[in-house]
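Participant: Hey, dropping final-v5.txt in here, compact mmCIF, C-alpha atoms:
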```txt
# COMPACT_ATOMS: atom_id res chain seq x y z
CA MET A 1 -19.24 -8.64 0.38
CA PRO A 2 -17.56 -5.20 -0.06
CA ASP A 3 -13.92 -4.98 -1.08
CA LEU A 4 -11.61 -4.00 1.72
CA SER A 5 -8.57 -2.00 0.72
CA SER A 6 -6.41 -2.33 3.85
CA GLN A 7 -3.24 -4.34 3.68
CA ARG A 8 -3.76 -8.01 4.55
CA HIS A 9 -1.42 -10.22 6.55
CA LYS A 10 -1.56 -14.02 6.56
CA ILE A 11 -0.44 -15.31 9.92
CA ASP A 12 -0.80 -18.32 12.16
CA GLU A 13 -3.91 -17.83 14.28
CA ALA A 14 -1.94 -18.60 17.44
CA ASP A 15 0.42 -15.70 16.68
CA ALA A 16 -2.20 -13.14 15.78
CA ILE A 17 -2.41 -11.32 19.09
CA GLU A 18 1.36 -11.09 19.39
CA PHE A 19 1.56 -9.85 15.80
CA TYR A 20 -0.51 -6.78 16.68
CA PHE A 21 1.64 -6.07 19.72
CA GLU A 22 4.78 -6.31 17.59
CA LYS A 23 3.36 -3.92 15.03
CA GLY A 24 2.61 -1.33 17.74
CA TRP A 25 -1.10 -1.36 16.95
CA THR A 26 -2.56 -1.93 20.41
CA ASP A 27 -3.26 0.13 23.52
CA GLY A 28 -1.20 -2.28 25.60
CA LEU A 29 -3.90 -4.92 25.86
CA PRO A 30 -4.46 -7.89 23.54
CA VAL A 31 -6.77 -7.25 20.59
CA VAL A 32 -9.28 -9.36 18.72
CA PRO A 33 -7.67 -10.25 15.35
CA PRO A 34 -9.70 -8.39 12.71
CA THR A 35 -10.78 -10.82 10.01
CA GLU A 36 -12.73 -9.92 6.90
CA LYS A 37 -15.95 -11.46 8.19
CA LYS A 38 -15.84 -9.50 11.44
CA ILE A 39 -14.93 -6.22 9.71
CA VAL A 40 -17.74 -6.55 7.18
CA ALA A 41 -20.24 -7.35 9.93
CA MET A 42 -19.16 -4.15 11.68
CA LEU A 43 -19.66 -2.09 8.50
CA ASP A 44 -23.01 -3.71 7.78
CA ALA A 45 -24.31 -2.91 11.24
CA ALA A 46 -23.86 0.80 10.51
CA ASP A 47 -24.77 0.50 6.82
CA LEU A 48 -21.44 1.96 5.77
CA ALA A 49 -19.35 1.38 2.67
CA PRO A 50 -15.68 0.74 3.53
CA GLU A 51 -14.46 3.88 1.77
CA ARG A 52 -16.96 6.22 3.40
CA GLU A 53 -15.16 9.06 5.15
CA ILE A 54 -16.41 9.45 8.72
CA ALA A 55 -14.18 12.39 9.56
CA PHE A 56 -11.20 14.37 8.40
CA ILE A 57 -8.91 15.57 11.17
CA THR A 58 -7.42 18.70 9.69
CA ASN A 59 -4.37 19.16 11.90
CA ARG A 60 -3.25 15.60 11.29
CA ARG A 61 -4.32 15.45 7.65
CA ALA A 62 -5.99 12.21 8.68
CA SER A 63 -8.94 10.83 6.78
CA VAL A 64 -10.90 8.46 9.01
CA VAL A 65 -12.75 6.01 6.77
CA ALA A 66 -15.34 3.46 7.82
CA GLU A 67 -13.15 0.46 7.03
CA LYS A 68 -10.43 1.58 9.44
CA VAL A 69 -12.98 2.39 12.12
CA ALA A 70 -14.47 -1.08 11.69
CA ILE A 71 -11.06 -2.78 11.91
CA ASN A 72 -10.22 -0.96 15.13
CA ALA A 73 -13.69 -1.62 16.57
CA VAL A 74 -13.22 -5.34 15.95
CA MET A 75 -9.80 -5.19 17.58
CA ALA A 76 -11.32 -3.44 20.62
CA GLY A 77 -13.85 -6.24 21.08
CA CYS A 78 -16.96 -4.36 19.96
CA LYS A 79 -20.10 -6.15 18.86
CA PRO A 80 -21.20 -5.04 15.37
CA GLU A 81 -24.21 -3.23 16.81
CA TYR A 82 -21.87 -0.86 18.69
CA MET A 83 -20.52 0.51 15.41
CA PRO A 84 -23.06 3.37 14.98
CA VAL A 85 -22.10 4.64 18.44
CA VAL A 86 -18.39 4.51 17.62
CA VAL A 87 -19.04 6.40 14.38
CA ALA A 88 -21.07 9.12 16.12
CA ILE A 89 -18.28 9.63 18.65
CA ILE A 90 -15.71 10.09 15.89
CA GLU A 91 -18.00 12.56 14.11
CA ALA A 92 -18.25 14.55 17.34
CA MET A 93 -14.48 14.53 17.86
CA ALA A 94 -13.98 15.92 14.35
CA ASP A 95 -16.29 18.84 15.09
CA PRO A 96 -14.25 22.08 15.22
CA ARG A 97 -15.88 22.93 18.55
CA TRP A 98 -14.27 19.85 20.08
CA GLY A 99 -11.00 20.79 18.39
CA TYR A 100 -9.27 17.44 18.08
CA HIS A 101 -5.66 18.62 18.11
CA GLY A 102 -5.72 20.26 21.54
CA PRO A 103 -7.28 17.60 23.77
CA ALA A 104 -5.67 14.72 21.88
CA THR A 105 -2.17 16.16 22.09
CA SER A 106 -1.96 18.32 25.17
CA THR A 107 0.38 17.65 28.07
CA ALA A 108 -2.70 18.10 30.29
CA GLY A 109 -3.69 14.58 29.24
CA ALA A 110 -7.42 14.59 28.52
CA GLY A 111 -9.46 11.48 27.94
CA VAL A 112 -12.47 11.28 25.63
CA PHE A 113 -15.41 11.14 28.02
CA VAL A 114 -18.52 9.91 26.22
CA LEU A 115 -22.08 10.08 27.51
CA VAL A 116 -24.62 7.95 25.64
CA ASN A 117 -28.27 8.95 25.78
CA GLY A 118 -31.48 7.58 24.36
CA PRO A 119 -32.89 4.13 23.65
CA VAL A 120 -29.63 2.78 22.23
CA ALA A 121 -28.07 2.79 25.69
CA GLY A 122 -30.54 0.22 26.97
CA ARG A 123 -30.43 -1.88 23.83
CA LEU A 124 -26.64 -2.13 23.93
CA GLU A 125 -26.53 -2.51 27.73
CA ILE A 126 -24.30 0.51 28.22
CA ASN A 127 -23.89 0.78 31.95
CA SER A 128 -25.38 3.76 33.78
CA GLY A 129 -25.44 2.23 37.26
CA ASP A 130 -23.20 0.37 39.70
CA ASN A 131 -19.44 0.75 39.29
CA LEU A 132 -20.16 3.40 36.70
CA PHE A 133 -16.60 4.11 35.62
CA GLY A 134 -15.30 0.68 36.53
CA PRO A 135 -14.93 -2.58 34.62
CA GLY A 136 -17.57 -5.16 33.87
CA TRP A 137 -19.58 -3.94 30.89
CA ARG A 138 -18.56 -4.88 27.40
CA ALA A 139 -20.22 -1.97 25.64
CA ASN A 140 -18.69 0.69 27.92
CA ALA A 141 -15.24 -0.88 27.77
CA THR A 142 -15.02 -1.72 24.10
CA ILE A 143 -16.67 1.37 22.61
CA GLY A 144 -14.25 3.54 24.57
CA ARG A 145 -11.36 1.33 23.61
CA ALA A 146 -12.29 1.47 19.94
CA ILE A 147 -12.10 5.26 20.06
CA ARG A 148 -8.63 5.20 21.56
CA LEU A 149 -7.47 2.65 18.97
CA VAL A 150 -8.78 4.82 16.13
CA MET A 151 -7.00 7.82 17.65
CA ARG A 152 -3.80 5.81 17.81
CA ASN A 153 -3.87 3.84 14.60
CA VAL A 154 -5.75 6.14 12.24
CA ILE A 155 -5.11 9.65 13.55
CA GLY A 156 -1.57 9.08 14.78
CA THR A 157 -2.22 9.95 18.42
CA LEU A 158 0.68 7.93 19.80
CA PRO A 159 1.80 8.39 23.41
CA GLY A 160 5.07 10.33 23.56
CA LYS A 161 4.66 11.50 19.98
CA LEU A 162 1.40 13.24 19.08
CA ASP A 163 -0.13 12.38 22.45
CA ARG A 164 2.10 14.37 24.79
CA ALA A 165 0.15 13.74 27.99
CA THR A 166 2.38 14.21 31.01
CA ILE A 167 0.33 11.97 33.30
CA GLY A 168 -2.85 11.04 31.42
CA HIS A 169 -5.42 8.97 33.31
CA PRO A 170 -7.06 5.54 33.20
CA GLY A 171 -10.07 6.97 31.34
CA LYS A 172 -7.85 7.16 28.29
CA TYR A 173 -8.36 3.40 27.88
CA ALA A 174 -12.14 3.74 27.87
CA TYR A 175 -14.40 6.44 29.30
CA VAL A 176 -17.97 5.70 28.26
CA ILE A 177 -21.14 5.77 30.35
CA ALA A 178 -24.87 6.11 29.78
CA GLU A 179 -27.27 8.37 31.68
CA ASN A 180 -29.64 6.57 34.03
CA GLU A 181 -32.72 7.81 32.18
CA ALA A 182 -34.97 5.14 33.66
CA GLU A 183 -34.57 6.45 37.22
CA SER A 184 -33.64 10.07 36.58
CA PRO A 185 -36.30 12.66 37.35
CA TRP A 186 -34.66 15.15 34.98
CA PRO A 187 -34.53 15.58 31.21
CA PRO A 188 -31.54 13.67 29.84
CA VAL A 189 -28.57 15.57 28.48
CA HIS A 190 -29.34 14.95 24.81
CA VAL A 191 -32.87 16.36 25.27
CA GLU A 192 -31.43 19.44 27.02
CA ARG A 193 -29.34 19.84 23.87
CA GLY A 194 -32.19 19.69 21.42
CA CYS A 195 -32.69 16.00 20.64
CA ARG A 196 -35.95 14.15 21.07
CA PRO A 197 -36.19 11.60 23.90
CA ASP A 198 -36.70 8.79 21.37
CA GLN A 199 -33.48 9.69 19.58
CA SER A 200 -30.08 8.41 20.66
CA ALA A 201 -27.01 10.58 20.87
CA VAL A 202 -23.47 10.80 22.19
CA THR A 203 -22.02 13.75 24.03
CA VAL A 204 -18.25 13.86 23.74
CA PHE A 205 -16.26 15.83 26.29
CA ALA A 206 -12.48 16.20 26.59
CA ALA A 207 -11.95 15.56 30.24
CA GLU A 208 -9.83 14.76 33.23
CA ALA A 209 -10.51 11.72 35.38
CA PRO A 210 -13.63 11.70 37.56
CA HIS A 211 -13.19 13.24 41.01
CA GLN A 212 -15.40 11.47 43.54
CA PHE A 213 -16.85 13.45 46.44
CA TYR A 214 -18.48 12.22 49.64
CA ASN A 215 -21.51 13.50 51.43
CA GLN A 216 -22.91 10.86 53.78
CA LEU A 217 -24.30 13.39 56.20
CA SER A 218 -26.72 15.78 54.58
CA ASN A 219 -30.26 15.01 53.51
CA SER A 220 -30.72 18.30 51.69
CA ALA A 221 -29.87 19.43 48.18
CA GLU A 222 -28.04 22.47 49.55
CA GLY A 223 -25.94 20.29 51.84
CA ILE A 224 -24.86 17.87 49.14
CA LEU A 225 -24.13 20.59 46.64
CA ALA A 226 -22.25 22.68 49.22
CA THR A 227 -19.90 19.72 49.68
CA LEU A 228 -19.56 19.34 45.92
CA CYS A 229 -18.75 23.00 45.43
CA ASP A 230 -16.16 23.01 48.22
CA ASP A 231 -14.43 20.03 46.57
CA MET A 232 -14.76 21.43 43.08
CA ARG A 233 -13.87 25.08 43.63
CA ILE A 234 -10.16 24.46 43.23
CA SER A 235 -9.90 21.71 40.65
CA GLY A 236 -8.70 21.05 37.16
CA ASN A 237 -7.56 24.00 35.08
CA VAL A 238 -9.08 26.32 37.64
CA VAL A 239 -8.23 29.57 35.88
CA GLY A 240 -8.99 28.28 32.38
CA GLN A 241 -12.76 28.04 32.85
CA PRO A 242 -13.37 24.68 31.15
CA GLN A 243 -16.74 22.99 31.12
CA TYR A 244 -17.42 20.45 33.85
CA ALA A 245 -19.60 17.37 34.12
CA LEU A 246 -21.41 16.49 37.34
CA ILE A 247 -22.37 12.85 37.82
CA LEU A 248 -25.09 12.63 40.44
CA ALA A 249 -25.48 9.04 41.61
CA GLY A 250 -28.48 7.33 43.20
CA GLU A 251 -28.72 8.70 46.73
CA HIS A 252 -27.57 12.20 45.89
CA MET A 253 -29.81 12.24 42.83
CA ARG A 254 -32.87 11.20 44.83
CA THR A 255 -32.18 13.69 47.63
CA THR A 256 -31.61 16.58 45.22
CA ALA A 257 -34.54 15.81 42.97
CA GLY A 258 -36.76 15.01 45.95
CA ALA A 259 -36.26 18.55 47.18
CA GLY A 260 -37.60 19.79 43.86
CA TRP A 261 -34.32 20.89 42.33
CA SER A 262 -34.10 20.92 38.54
CA LYS A 263 -30.90 20.56 36.55
CA ALA A 264 -31.05 24.32 35.97
CA ASP A 265 -31.22 24.93 39.73
CA ILE A 266 -28.20 22.70 40.28
CA LYS A 267 -26.23 24.47 37.57
CA GLN A 268 -27.02 27.90 38.99
CA PHE A 269 -26.08 26.86 42.53
CA VAL A 270 -22.79 25.35 41.41
CA PHE A 271 -21.98 28.39 39.26
CA GLU A 272 -22.52 30.69 42.24
CA HIS A 273 -20.71 28.58 44.83
CA THR A 274 -17.53 27.61 42.99
CA GLN A 275 -16.09 31.09 42.55
CA ASN A 276 -12.66 31.99 43.86
CA SER A 277 -11.30 35.35 44.85
CA VAL A 278 -8.54 36.65 42.61
CA ALA A 279 -6.52 37.12 45.79
CA HIS A 280 -6.70 33.40 46.59
CA LEU A 281 -5.76 32.45 43.04
CA LYS A 282 -2.75 34.75 43.22
CA ARG A 283 -1.67 33.57 46.69
CA THR A 284 -1.77 29.98 45.53
CA HIS A 285 0.16 30.85 42.36
CA ARG A 286 -2.63 30.04 39.95
CA LEU A 287 -2.75 33.60 38.68
CA PRO A 288 0.35 35.77 38.27
CA GLY A 289 0.97 39.05 40.01
CA VAL A 290 0.95 40.53 43.47
CA VAL A 291 -2.26 40.61 45.49
CA LYS A 292 -3.99 43.98 45.34
CA PRO A 293 -6.60 45.09 47.89
CA GLU A 294 -9.44 44.81 45.36
CA ASP A 295 -8.44 41.20 44.58
CA GLU A 296 -9.91 40.14 47.95
CA THR A 297 -13.41 40.94 46.75
CA THR A 298 -13.03 40.30 43.02
CA MET A 299 -14.48 36.88 42.29
CA ARG A 300 -13.54 34.68 39.34
CA PRO A 301 -16.11 32.02 38.39
CA LEU A 302 -14.86 28.49 37.86
CA LEU A 303 -17.42 28.14 35.04
CA LYS A 304 -18.02 30.73 32.36
CA SER A 305 -21.76 30.21 32.74
CA PRO A 306 -24.15 27.86 34.59
CA ASP A 307 -24.76 25.95 31.36
CA ASP A 308 -21.11 24.94 31.28
CA LEU A 309 -21.97 22.32 33.88
CA ILE A 310 -23.25 19.10 32.27
CA VAL A 311 -25.47 17.43 34.85
CA VAL A 312 -25.78 13.66 34.41
CA ALA A 313 -27.86 11.26 36.50
CA ALA A 314 -25.80 8.07 36.68
CA GLY A 315 -24.10 5.71 39.13
CA GLY A 316 -25.15 3.06 41.62
CA ARG A 317 -28.37 3.33 43.62
CA ALA A 318 -26.62 2.84 46.96
CA GLY A 319 -23.92 5.03 48.42
CA ALA A 320 -23.67 8.75 49.09
CA PHE A 321 -21.05 9.45 46.47
CA SER A 322 -21.06 11.40 43.26
CA ALA A 323 -18.39 12.83 41.00
CA TYR A 324 -17.42 15.88 39.04
CA ILE A 325 -15.27 15.85 35.94
CA PRO A 326 -13.19 18.88 34.95
CA GLY A 327 -12.94 19.46 31.24
CA TRP A 328 -9.69 19.92 29.42
CA GLY A 329 -8.20 23.36 28.80
CA GLY A 330 -10.84 26.03 28.50
CA LYS A 331 -14.16 26.15 26.72
CA ARG A 332 -12.72 28.21 23.89
CA ALA A 333 -10.17 25.47 23.19
CA SER A 334 -12.60 22.55 23.40
CA GLU A 335 -16.25 22.22 24.25
CA SER A 336 -18.51 19.24 24.59
CA VAL A 337 -20.30 18.20 21.41
CA THR A 338 -23.51 16.18 21.02
CA LYS A 339 -24.15 14.11 17.89
CA LEU A 340 -27.07 11.92 16.94
CA ILE A 341 -26.39 8.21 16.53
CA LYS A 342 -27.50 7.02 13.12
CA GLU A 343 -28.73 3.50 13.66
CA ARG A 344 -29.48 1.25 10.73
CA GLY A 345 -33.15 0.95 9.80
CA MET B 1 -3.50 -19.48 8.96
CA ILE B 2 -5.84 -16.52 9.16
CA GLU B 3 -5.92 -13.29 7.23
CA VAL B 4 -5.96 -10.12 9.30
CA PHE B 5 -5.99 -6.44 8.39
CA ASP B 6 -3.83 -3.39 8.97
CA PRO B 7 -5.69 -0.89 11.22
CA THR B 8 -3.51 2.12 10.39
CA THR B 9 -3.77 5.07 8.02
CA SER B 10 -1.07 7.41 6.81
CA PRO B 11 -1.69 11.15 6.83
CA ARG B 12 -2.80 12.64 3.52
CA GLU B 13 0.12 14.51 2.00
CA GLN B 14 -0.12 18.24 1.57
CA PRO B 15 2.36 20.32 -0.41
CA VAL B 16 3.66 23.27 1.55
CA THR B 17 5.47 26.17 -0.04
CA TYR B 18 7.77 28.39 1.95
CA VAL B 19 8.36 32.00 1.04
CA ALA B 20 11.94 32.99 0.45
CA ARG B 21 13.74 34.25 3.54
CA PRO B 22 14.64 37.95 3.40
CA GLU B 23 18.32 38.60 2.88
CA SER B 24 18.25 41.26 5.56
CA LEU B 25 15.83 42.22 8.35
CA LYS B 26 16.71 45.90 8.01
CA GLY B 27 13.58 48.03 7.72
CA LYS B 28 11.27 45.01 7.90
CA ARG B 29 8.09 44.81 9.94
CA VAL B 30 7.70 41.73 12.16
CA GLY B 31 4.51 40.10 13.42
CA LEU B 32 4.71 38.19 16.71
CA VAL B 33 2.09 35.48 17.40
CA GLU B 34 1.51 35.01 21.10
CA ASN B 35 0.08 31.65 22.09
CA THR B 36 -1.57 32.64 25.43
CA LYS B 37 0.79 30.65 27.65
CA TYR B 38 2.22 32.50 30.65
CA ASN B 39 5.24 34.65 29.75
CA SER B 40 5.02 33.91 26.01
CA ASP B 41 4.24 37.62 25.49
CA LEU B 42 7.31 38.61 27.48
CA LEU B 43 9.49 36.22 25.51
CA LEU B 44 8.18 37.41 22.15
CA MET B 45 8.48 41.09 23.06
CA ARG B 46 12.07 40.41 24.04
CA ILE B 47 12.65 38.76 20.67
CA GLY B 48 11.03 41.73 18.95
CA LYS B 49 13.30 44.12 20.86
CA ILE B 50 16.41 42.14 19.89
CA LEU B 51 15.31 42.12 16.25
CA GLN B 52 14.85 45.89 16.34
CA GLU B 53 18.04 46.74 18.26
CA GLU B 54 20.43 44.25 16.70
CA TYR B 55 19.02 43.48 13.27
CA GLY B 56 17.46 46.76 12.19
CA VAL B 57 13.84 45.67 12.16
CA GLU B 58 11.60 48.72 11.83
CA GLN B 59 8.78 47.62 14.10
CA SER B 60 7.13 44.58 15.62
CA ILE B 61 3.52 44.00 16.53
CA LEU B 62 2.23 41.36 18.94
CA ARG B 63 -1.11 39.59 18.49
CA ARG B 64 -2.68 36.93 20.69
CA LYS B 65 -4.23 33.69 19.44
CA HIS B 66 -7.52 32.47 20.91
CA ASN B 67 -5.69 29.62 22.64
CA SER B 68 -2.49 27.68 22.35
CA SER B 69 -3.87 24.61 20.57
CA VAL B 70 -5.33 26.31 17.51
CA PRO B 71 -3.76 28.14 14.59
CA ALA B 72 -3.76 31.94 14.54
CA HIS B 73 -7.28 33.12 13.72
CA GLN B 74 -8.23 34.85 10.52
CA GLU B 75 -8.07 38.43 11.83
CA ILE B 76 -4.42 37.94 12.76
CA ILE B 77 -3.63 36.36 9.40
CA ASP B 78 -5.39 39.17 7.52
CA GLU B 79 -3.68 41.89 9.52
CA PHE B 80 -0.25 40.32 9.20
CA ARG B 81 -0.73 39.86 5.47
CA ARG B 82 -1.29 43.62 5.19
CA GLU B 83 1.02 44.97 7.84
CA VAL B 84 4.12 42.82 8.27
CA ASP B 85 6.91 41.30 6.20
CA LEU B 86 7.68 38.29 8.38
CA VAL B 87 6.27 36.46 11.37
CA VAL B 88 7.70 34.86 14.49
CA ALA B 89 5.48 32.14 15.92
CA GLY B 90 6.06 29.11 18.05
CA ILE B 91 4.67 27.08 20.89
CA GLY B 92 5.83 27.89 24.37
CA ASP B 93 4.76 26.11 27.53
```
Rewrite the coordinates I just gave you, this time as structure tokens.

Facilitator:
Amino acid sequence: MPDLSSQRHKIDEADAIEFYFEKGWTDGLPVVPPTEKKIVAMLDAADLAPEREIAFITNRRASVVAEKVAINAVMAGCKPEYMPVVVAIIEAMADPRWGYHGPATSTAGAGVFVLVNGPVAGRLEINSGDNLFGPGWRANATIGRAIRLVMRNVIGTLPGKLDRATIGHPGKYAYVIAENEAESPWPPVHVERGCRPDQSAVTVFAAEAPHQFYNQLSNSAEGILATLCDDMRISGNVVGQPQYALILAGEHMRTTAGAGWSKADIKQFVFEHTQNSVAHLKRTHRLPGVVKPEDETTMRPLLKSPDDLIVVAAGGRAGAFSAYIPGWGGKRASESVTKLIKERG
Amino acid sequence: MIEVFDPTTSPREQPVTYVARPESLKGKRVGLVENTKYNSDLLLMRIGKILQEEYGVEQSILRRKHNSSVPAHQEIIDEFRREVDLVVAGIGD
């Protein structure tokens, strides 16, 4: 058994949960008391030595080592086999393109939206279907929770201190889904980003809460996406040009794909139909300055490019609802990052 | 009784050295780091003007970061190292 270097506390088992509350080490919910056996099982599942550095968060001078990740994953309620997914998410968050400091700290209150792709999603039963962002699936709930606990306990991202979110959102507890690769007609996100279909990967995206949109009327791709674009055109940091995710659920996915639309077609359509006139952005006080005549016909895209829309097939089979997710800030401040999951063996 | 573990980590310490403050601003060149937030340029230019008019600063130059949540990028640092004697930076929102 490897030596663990973290400080140990001997306490009555009945007091353990309260002990973690008193120490300020929880997200507001009870935690699983992390014992040596559980921590070591977590490390073993990812084949990691306790002292192995998973990430170094420069702005916080925080070294994130495997032992601390394992402790927090136990506390969150993870099964040991979730550990490689948790590790991959932390690696992605430490990538300079994700830019930890901004989304973790900002008053705009981003959550860490995680998309899991590849065979691991099925093996770990990460939900990609009914009640997609809701409760009921251990893997979705506890992997997301483990990330937030690591942010809090290891990287110092404490609400009101180095997490300055004004409002935040419920996804900051846990915000993990899988893509419905079994029923999707399209290449999954990790394959679009260069992975093989038999590989597993996480895509980490600093994001607002999901915004659900309705279209129970149209049976055409254009109709559904026209509704989406009308909902989405003024959303999030509208002048900051962040990336967006689009979650197309069962009925909308089948209608859109059935009409022969690819993910690239969807991205292009959304790019073209979510642009705002500079005049409108000025009149609604999203851009400064007085409205000039040319502003009426000068269009500002919501997305920098069509590829800044991440199209995900996921959600329940029934119901004519889907969702879009505005990213945090702008793409230059934080962009979505995909990392392979290194499973043992 | 059970034995449980501390989930926290302390930041790694990093020594930071400050340069000595100038005794006077007279004749100095000032670099202003603008953080991209609305009106931060106006605020900094006003500060630059005050430094010139009331404290004898020779000139001030304003440069814009890529975004508010990252440090000034290398081009700004290189230019300021060559061209200015002191820097005014901050986070405005």

Participant: Please write as a list in words the list of polymer residues whose atoms come within 12 Å of (-5.4, 28.6, 15.2), counting only C-alpha atoms and keeping to the coordinates of the file.

Facilitator: Thr58, Asn59, Pro96, Gly99, His101, Gly102, Arg332 and Ala333 of chain A; Val33, Glu34, Asn35, Thr36, Arg64, Lys65, His66, Asn67, Ser68, Ser69, Val70, Pro71, Ala72, His73, Gln74, Glu75, Ile76, Ile77, Ala89, Gly90 and Ile91 of chain B

Participant: Have a look at A:Ile167, A:Ala108, A:Val150, A:Ala226 and name the one nearest to chain B; count only C-alpha atoms.

Facilitator: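 Using only C-alpha atoms, chain B sits closest to A:Val150.
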
Participant: Counting only C-alpha atoms, I want the residues whose atoms come within 12 Å of (-33.9, 16.3, 27.6) in the file frame, returned as an NGL selection string.

Facilitator: :A and (117-118 or 179 or 181 or 184-201 or 262-264 or 310-313)

Participant: Output the contact residues of chain A with respect to chain B at a cut-off of 7 Å, based on all atoms listed in the file, as a PyMOL selection string.

Facilitator: chain A and resi 6-13+33-35+60-62+68+71-72+101-102+153-154+333

Participant: Which one is closest to Ala249 in chain A: A:Thr338, A:Ser277, A:Asn237, A:Asn180? Count all atoms listed in the file.

Facilitator: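 For Ala249 in chain A, the nearest of the candidates is A:Asn180.
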
Participant: Work out how far apart CA of Val88 in chain B and CA of Arg46 in chain B are and give it in Å to one decimal.

Facilitator: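 These two atoms are separated by 11.9 Å.
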
Participant: So that I can check the surroundings of Met45 in chain B, please list as a VMD selection string every protein, DNA and RNA residue that reaches within 10 Å of it, counting only C-alpha atoms and ignoring chain neighbours fewer than 2 positions away.

Facilitator: chain B and resid 32 34 39 to 43 47 to 51 60 to 62

Participant: List the spatial neighbours of Val337 in chain A as a PyMOL selection string - criterion: any atom at most 6 Å away, only C-alpha atoms, same-chain residues fewer than 2 positions off excluded.

Facilitator: chain A and resi 92+203-204

Participant: Name the closest residue to Asp78 in chain B among the candidates B:Arg21, B:Lys37, B:Lys26, B:Arg63; distances are taken between atoms, counting all atoms listed in the file.

Facilitator: B:Arg63

Participant: For Gly111 in chain A, which residue among A:Ala207, A:Leu149, A:Ile177, A:Leu287 is the nearest when counting only C-alpha atoms?

Facilitator: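 Of all the options, A:Ala207 lies closest to Gly111 in chain A.
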
Participant: Just how far from CA of Ile341 in chain A is CA of Tyr244 in chain A, in Å to one decimal?

Facilitator: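 If I compute the distance from CA of Tyr244 in chain A to CA of Ile341 in chain A, I get 23.0 Å.
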
Participant: In Å, rounded to a single decimal, give me how far CA of Ala55 in chain A is from CA of Val87 in chain A.

Facilitator: 9.1 Å

Participant: What would the file be for range 51-55 of chain B if you keep all heavy atoms and write it as a compact mmCIF listing (two decimals), in the first residue's frame?

Facilitator:
```txt
# COMPACT_ATOMS: atom_id res chain seq x y z
N LEU B 51 -0.87 62.20 -13.75
CA LEU B 51 0.55 61.97 -13.45
C LEU B 51 1.42 62.96 -14.23
O LEU B 51 2.43 63.45 -13.71
CB LEU B 51 0.94 60.53 -13.78
CG LEU B 51 0.33 59.44 -12.89
CD1 LEU B 51 0.72 58.06 -13.39
CD2 LEU B 51 0.78 59.62 -11.44
N GLN B 52 1.01 63.27 -15.45
CA GLN B 52 1.80 64.21 -16.25
C GLN B 52 1.63 65.65 -15.73
O GLN B 52 2.61 66.36 -15.53
CB GLN B 52 1.37 64.14 -17.72
CG GLN B 52 1.96 62.94 -18.43
CD GLN B 52 1.53 62.86 -19.88
OE1 GLN B 52 0.50 62.29 -20.18
NE2 GLN B 52 2.33 63.42 -20.77
N GLU B 53 0.37 66.04 -15.49
CA GLU B 53 0.10 67.44 -15.12
C GLU B 53 0.50 67.77 -13.69
O GLU B 53 0.93 68.88 -13.40
CB GLU B 53 -1.38 67.74 -15.33
CG GLU B 53 -1.77 67.76 -16.81
CD GLU B 53 -3.25 67.96 -17.02
OE1 GLU B 53 -4.02 67.99 -16.03
OE2 GLU B 53 -3.65 68.09 -18.20
N GLU B 54 0.34 66.82 -12.80
CA GLU B 54 0.54 67.14 -11.38
C GLU B 54 1.83 66.57 -10.79
O GLU B 54 2.27 67.00 -9.73
CB GLU B 54 -0.66 66.64 -10.56
CG GLU B 54 -1.97 67.28 -11.00
CD GLU B 54 -3.17 66.82 -10.17
OE1 GLU B 54 -2.96 66.35 -9.03
OE2 GLU B 54 -4.30 66.90 -10.69
N TYR B 55 2.39 65.58 -11.47
CA TYR B 55 3.58 64.93 -10.88
C TYR B 55 4.80 64.97 -11.79
O TYR B 55 5.82 64.38 -11.48
CB TYR B 55 3.25 63.47 -10.51
CG TYR B 55 2.22 63.38 -9.41
CD1 TYR B 55 0.85 63.34 -9.72
CD2 TYR B 55 2.60 63.34 -8.07
CE1 TYR B 55 -0.10 63.26 -8.71
CE2 TYR B 55 1.64 63.27 -7.06
CZ TYR B 55 0.29 63.23 -7.39
OH TYR B 55 -0.64 63.16 -6.39
```
